Amino acid sequence: MKIKLCLNHVVRMVLLAGIFLVGSIGTLAQDGPPAILEETLWDFEAYELGNAPVEWQSGDAQSSSTSNIWQVMRETDNAGLNQVMAMSRPNSGGLFGLFGRTFNLIWLKSPSFQNGEIEVQFRSLSGDKNRGGGIVWRLQDKDNYYLAQFDPLENSFRIYFVRNGSRQELERISVLLSDHDWHSMKIVLRGNEFEGYLNGQKLLSGSSNLFRQAGAVGLWTKGDAVTWFDNLVIRPQEQVMF
C-alpha cells in the first residue's frame, strides 16, 4: 500500500511538473519586443547629426565589402533645415559590382509590428546603378523580411520578400515620379494581405504567407542609391479605418 501511494505521488508530481514546463515554454515563446500599440512618428529632428539613432540597427546583406553607414543628416538645400535619416556611404559592391549586391538596411530594434499602416516620405538624390528605396516590415533578421521599393531609374514600384538574403518579387507596377523631389510611400497590412501606395494612390496589392508573425519595421536602399527618409509613421491596426 505504501509503495502504491508513493508511486501515485511520484506520478502526480511528474504530471504537475510537465504542466508547469509546458506553461513556461508557452510563456517564453510569447516573449519578445513589445508591440506597437499607438501611432508612432519618427521625424529625426531631436537626434544628433552624424549618427543613426540608438534605437535603430543597421546591417548589410549580400556584401563582403565595407559596411554602409546610416546617419541623421540635415537637408541643407531646404530652407527649413529639416533633419532626415540618410545613407551616408552607399555600397555598390566594389569595382564593377564584382563583390556582390548590397542591401542597405536599417530597422527599429523594438517594438514589433504586424498589422496596420507604415508610411514614410522619401527623396531620391543620386545613384548610377540604383536609386530610391523603401519600407521594410515584419523583419525577422537582416536576411528575412518584406520590402517595398520604388526605383526612379526603372520607374518601378515593387514588393518583395527577402528570404535568407535572397530577394523575390511579389508584385510590380510601372510608375513615373519626379526625381530629387519628396514623395510618400505607404504599406497597409492585414494578415497575409498587403497594399502599396505612392503619394496617396493605391498601386499594388497582393498576399503572402511567408512571414506571418510580427517583426521589425525598417528602411532600405540598394547599392549606390543615395536616398533620404523622413516622417516615418507607424499606425497599428486598431487605429486604422480599413
# chains A, B, ... in the order shown; residues from 1 in each chain; ligands from 1
$ residues_around --residues "Thr227 (chain A)" --least-positions-apart "2" --cutoff "9 Å" --atoms "only C-alpha atoms" --output "list of chain:residue names"
A:Met85, A:Ala86, A:Met87, A:Phe122, A:Arg123, A:Ser124, A:Leu125, A:Ser126, A:Gly127, A:Arg131, A:Gly132, A:Gly133, A:Thr221, A:Ala225, A:Phe229
$ residues_around --residues "Gly206 (chain A)" --least-positions-apart "2" --cutoff "8 Å" --atoms "only C-alpha atoms" --output "list in words"
Leu170, Glu171, Glu193, Phe194, Glu195, Leu204 and Ser208 of chain A
$ write_last_selection --atoms "C-alpha atoms" --output "mmCIF file, in the first residue's frame"
data_model
loop_
_atom_site.group_PDB
_atom_site.id
_atom_site.type_symbol
_atom_site.label_atom_id
_atom_site.label_comp_id
_atom_site.auth_asym_id
_atom_site.auth_seq_id
_atom_site.Cartn_x
_atom_site.Cartn_y
_atom_site.Cartn_z
ATOM 1 C CA LEU A 170 5.704 39.504 -55.357
ATOM 2 C CA GLU A 171 4.112 42.448 -57.199
ATOM 3 C CA GLU A 193 -2.665 40.711 -47.401
ATOM 4 C CA PHE A 194 -0.808 43.899 -48.292
ATOM 5 C CA GLU A 195 -1.387 47.093 -50.280
ATOM 6 C CA LEU A 204 -0.203 47.400 -55.638
ATOM 7 C CA SER A 208 1.971 36.235 -48.889
#
$ closest_residue --among "A:Lys186, A:His180, A:Arg167, A:Arg89" --to "Leu232 (chain A)" --atoms "only C-alpha atoms"
A:Lys186
$ closest_residue --among "A:Leu176, A:Leu108, A:Leu153, A:Ile69" --to "Asn130 (chain A)" --atoms "only C-alpha atoms"
A:Leu153
$ closest_residue --among "A:Ile118, A:Leu219, A:Leu203, A:Val226" --to "Val188 (chain A)" --atoms "only C-alpha atoms"
A:Ile118
$ residues_around --residues "region 52-54 of chain A" --least-positions-apart "6" --cutoff "6 Å" --atoms "only C-alpha atoms" --output "compact mmCIF listing (two decimals) with N, CA and C atoms, in the first residue's frame"
# COMPACT_ATOMS: atom_id res chain seq x y z
N TRP A 70 24.41 54.49 -42.01
CA TRP A 70 23.21 55.31 -41.96
C TRP A 70 23.44 56.39 -40.91
N GLN A 71 22.93 57.59 -41.15
CA GLN A 71 23.06 58.64 -40.15
C GLN A 71 21.98 59.70 -40.33
N VAL A 72 21.74 60.44 -39.26
CA VAL A 72 20.84 61.59 -39.32
C VAL A 72 21.62 62.74 -39.94
$ decode --residues "region 176-201 of chain A" --atoms "C-alpha atoms" --output "CSV table (one decimal), in the first residue's frame"
chain,number,residue,atom,x,y,z
A,176,LEU,CA,6.8,57.7,-63.1
A,177,LEU,CA,7.7,60.0,-60.3
A,178,SER,CA,9.8,63.1,-60.4
A,179,ASP,CA,13.4,62.5,-59.3
A,180,HIS,CA,15.0,64.5,-56.4
A,181,ASP,CA,11.6,65.5,-55.0
A,182,TRP,CA,9.9,64.3,-51.8
A,183,HIS,CA,7.3,61.6,-52.3
A,184,SER,CA,5.3,59.4,-49.9
A,185,MET,CA,5.1,55.6,-49.7
A,186,LYS,CA,2.6,53.7,-47.6
A,187,ILE,CA,2.1,50.0,-46.9
A,188,VAL,CA,-1.2,48.6,-45.5
A,189,LEU,CA,-1.1,45.2,-43.8
A,190,ARG,CA,-4.0,42.9,-42.9
A,191,GLY,CA,-2.9,39.3,-42.0
A,192,ASN,CA,-1.3,37.9,-45.2
A,193,GLU,CA,-2.7,40.7,-47.4
A,194,PHE,CA,-0.8,43.9,-48.3
A,195,GLU,CA,-1.4,47.1,-50.3
A,196,GLY,CA,1.2,49.5,-51.6
A,197,TYR,CA,0.6,53.3,-52.1
A,198,LEU,CA,2.7,56.1,-53.6
A,199,ASN,CA,1.6,59.7,-53.0
A,200,GLY,CA,-1.7,58.5,-51.6
A,201,GLN,CA,-2.6,56.4,-54.7
